[in-house]
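**Student:** Quick one: the structure is below, and I'll ask about it shortly.
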Amino acid sequence: MEDDLFRCKIKNMFSKYRKVIFCILCVPAILICAICGWYFLLGGETWIAYTWHGTYELPSFMEHTSDQPLYTDQQITEVLQNYSWLADHYDLEQVTADSYVIPGLKSSVTLEDWNDNTAGPSNCTSMTPQGVAVTQDYVLVSAYCHTGKHHSVIQVMDRDTHAFVKTVVLFDMSHVGSVTYDSDHDFIWVCCHDDQTGYAYVRGFSLADLEAYDFSSGLPIVFTKNYPIKSQKRASFMTYADHALYIGYFSTDMSGEFTVQRFDMTAQGDLLLYPNVDKANADEPDSTAMPTMKELINGGMQGYARNDHTTVILRSYGSANPSKILLFDQQQDDIGMKDLTNSNARQTGILPPMAEEAALEEDDLYICFESAAYAYRARKTDHIDRILVLKASARKN
């Protein structure tokens with residue numbers, strides 16, 4: 001009798017609250033189905049990977065720059081094995097071991113707009129690596145805030161131990177591109193852009209200033225040299241070699257022809273200046289740096305490096321396309337316009353997508369990738385969170 005009474009109460013309760021129970025069970029299921037349909041059938045996955053990740057930053061509660069890898073050594077080696085040029089020419093396990101984990105991909109200390117009196121030290125989760133440079137003691141990686149909210153930075157790593165050393169916050173908030181090291185004058189050069197004038201700039205500070213910099217001051221490092229580059233649309237990549245800066249810019253016109261331009265230096269390490277004969281307004285300087293030699297290149301160029309016998313060019317565009325490396329025999333700069341277009345490369349190879357800048361230290365090649373930045377991390381591509389190092393000692397016979 002008691003069991004029948006209990007069942008009756010349950011039946012009456014269910015009848016009374018059946019609409020509520022229906023909503024509790026069905027509404028979440030409908031919402032889940034709608035979200036899955038939007039994500040998988042209506043382009044939601046693409047919107048998140050390309051628009052959301054590129055527009056909004058993740059919140060961060062870190063008070064330091066992250067230095068942990070996003071991917072394991074095994075995952076990186078497996079990615080590299082997909083590229084026959086790398087697998088045919090290098091011991092990939094050694095390449096992975098020689099490479100440097102890029103700091104700041106999860107979170108980087110930096111500043112919000114320093115010109116705003118209410119802004120100050122902050123953390124950025126959308127730092128996007130761009131350039132790489134090598135000094136006697138350090139490996140340097142330049143990066144910019146993809147959402148444009150924070151100051152650009154240079155991440156400093158110990159060259160021997162691979163350990164993260166510090167973050168150097170730059171005065172610049174533009175899309176900071178390449179970084180290069182003038183070993184003759186112990187000076188760090190950075191590619192910048194001035195949105196007000198529309199000019200490309202190269203700016204810099206000494207290696208001693210970098211070593212002395214301490215972020216606890218809450219201030220960016222001071223650029224002690226600053227040159228507008230009027231002969232290039234933008235300063236996207238740059239390298240120091242033969243007592244000169246070689247500067248070029250990236251164009252999405254992959255089949256077009258552009259130039260890398262050589263800017264000579266004085267014995268003191270300043271760019272050689274010439275009268276600004278086409279001065280357009282009073283705010284422009286009376287003198288400006290002008291190229292003394294040009295090299296013809298194809299579009300899509302992201303990185304450039306050279307030593308006394310080889311010039312290296314990196315070309316890449318987009319996360320869906322592999323990068324390309326082109327190797328050229330080195331020529332003297334006094335022969336006029338040099339032709340470094342694709343057809344003249346002595347060797348070409350395919351690399352993972354989104355290769356950015358390169359640096360040559362003797363015959364060891366350092367390559368920076370931006371694919372592991374938060375803005376691109378959700379895209380279906382081969383992600384590299386390292387400065388890939390192709391050492392001469394890792395080459396196969």
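Starting from 1 in every chain, residues are counted up; chains themselves are A, B, ... following the order of the structure tokens, and ligands are numbered from 1 as listed.
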Can you list, as a ChimeraX atom specification, every residue of range 212-276 of chain A that DSSP puts in strand (DSSP E or B)?

**Tutor:** /A:225-229,237-241,244-248,257-265,271,273-275

**Student:** If you count only C-alpha atoms, which residues fall within 8 Å of Val141 in chain A, apart from same-chain ones fewer than 6 positions away, as a ChimeraX atom specification?

**Tutor:** /A:102,129-133,154-156,179,368

**Student:** I'd like the contact shell of Leu58 in chain A - 10 Å cut-off, only C-alpha atoms, skipping same-chain residues fewer than 5 positions apart - returned as a list in words.

**Tutor:**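 So the residues in contact are His53, Lys106, Ser107, Cys124, Thr125, Ser126 and Tyr374 of chain A.
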
**Student:** Please dump the current selection as a tab-separated table (two decimals), in the first residue's frame; keep C-alpha atoms.

**Tutor:**
chain	number	residue	atom	x	y	z
A	53	HIS	CA	41.71	34.89	-31.68
A	106	LYS	CA	51.15	32.44	-23.14
A	107	SER	CA	51.71	35.76	-21.42
A	124	CYS	CA	49.74	40.59	-22.88
A	125	THR	CA	48.52	37.21	-24.11
A	126	SER	CA	48.65	38.05	-27.83
A	374	TYR	CA	47.50	33.19	-29.72

**Student:** Set out as JSON lines a contact list for range 161-207 of chain A and range 299-314 of chain A with a cut-off of 10 Å, giving each residue of range 161-207 of chain A that qualifies its closest atom pair and distance in Å to one decimal, counting only C-alpha atoms, ordered by chain and rising residue number.

**Tutor:**
{"residue": "A:Gly177", "atom": "CA", "partner": "A:Gln302", "partner_atom": "CA", "distance": 9.5}
{"residue": "A:Ser178", "atom": "CA", "partner": "A:Gly303", "partner_atom": "CA", "distance": 8.3}
{"residue": "A:Thr180", "atom": "CA", "partner": "A:Ala305", "partner_atom": "CA", "distance": 9.8}

**Student:** Excluding Arg234 in chain A and any residue of its chain fewer than 5 positions from it, enumerate the residues within 7 Å of it, using only C-alpha atoms, and give them as a list in words.

**Tutor:**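 Once the nearby chain positions are removed, what remains is His193, Ala200 and Tyr249 of chain A.
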
**Student:** Measuring atom to atom with only C-alpha atoms, identify which of A:Phe263, A:Val139, A:Val101, A:Glu257 is nearest to Ala358 in chain A.

**Tutor:** A:Val139
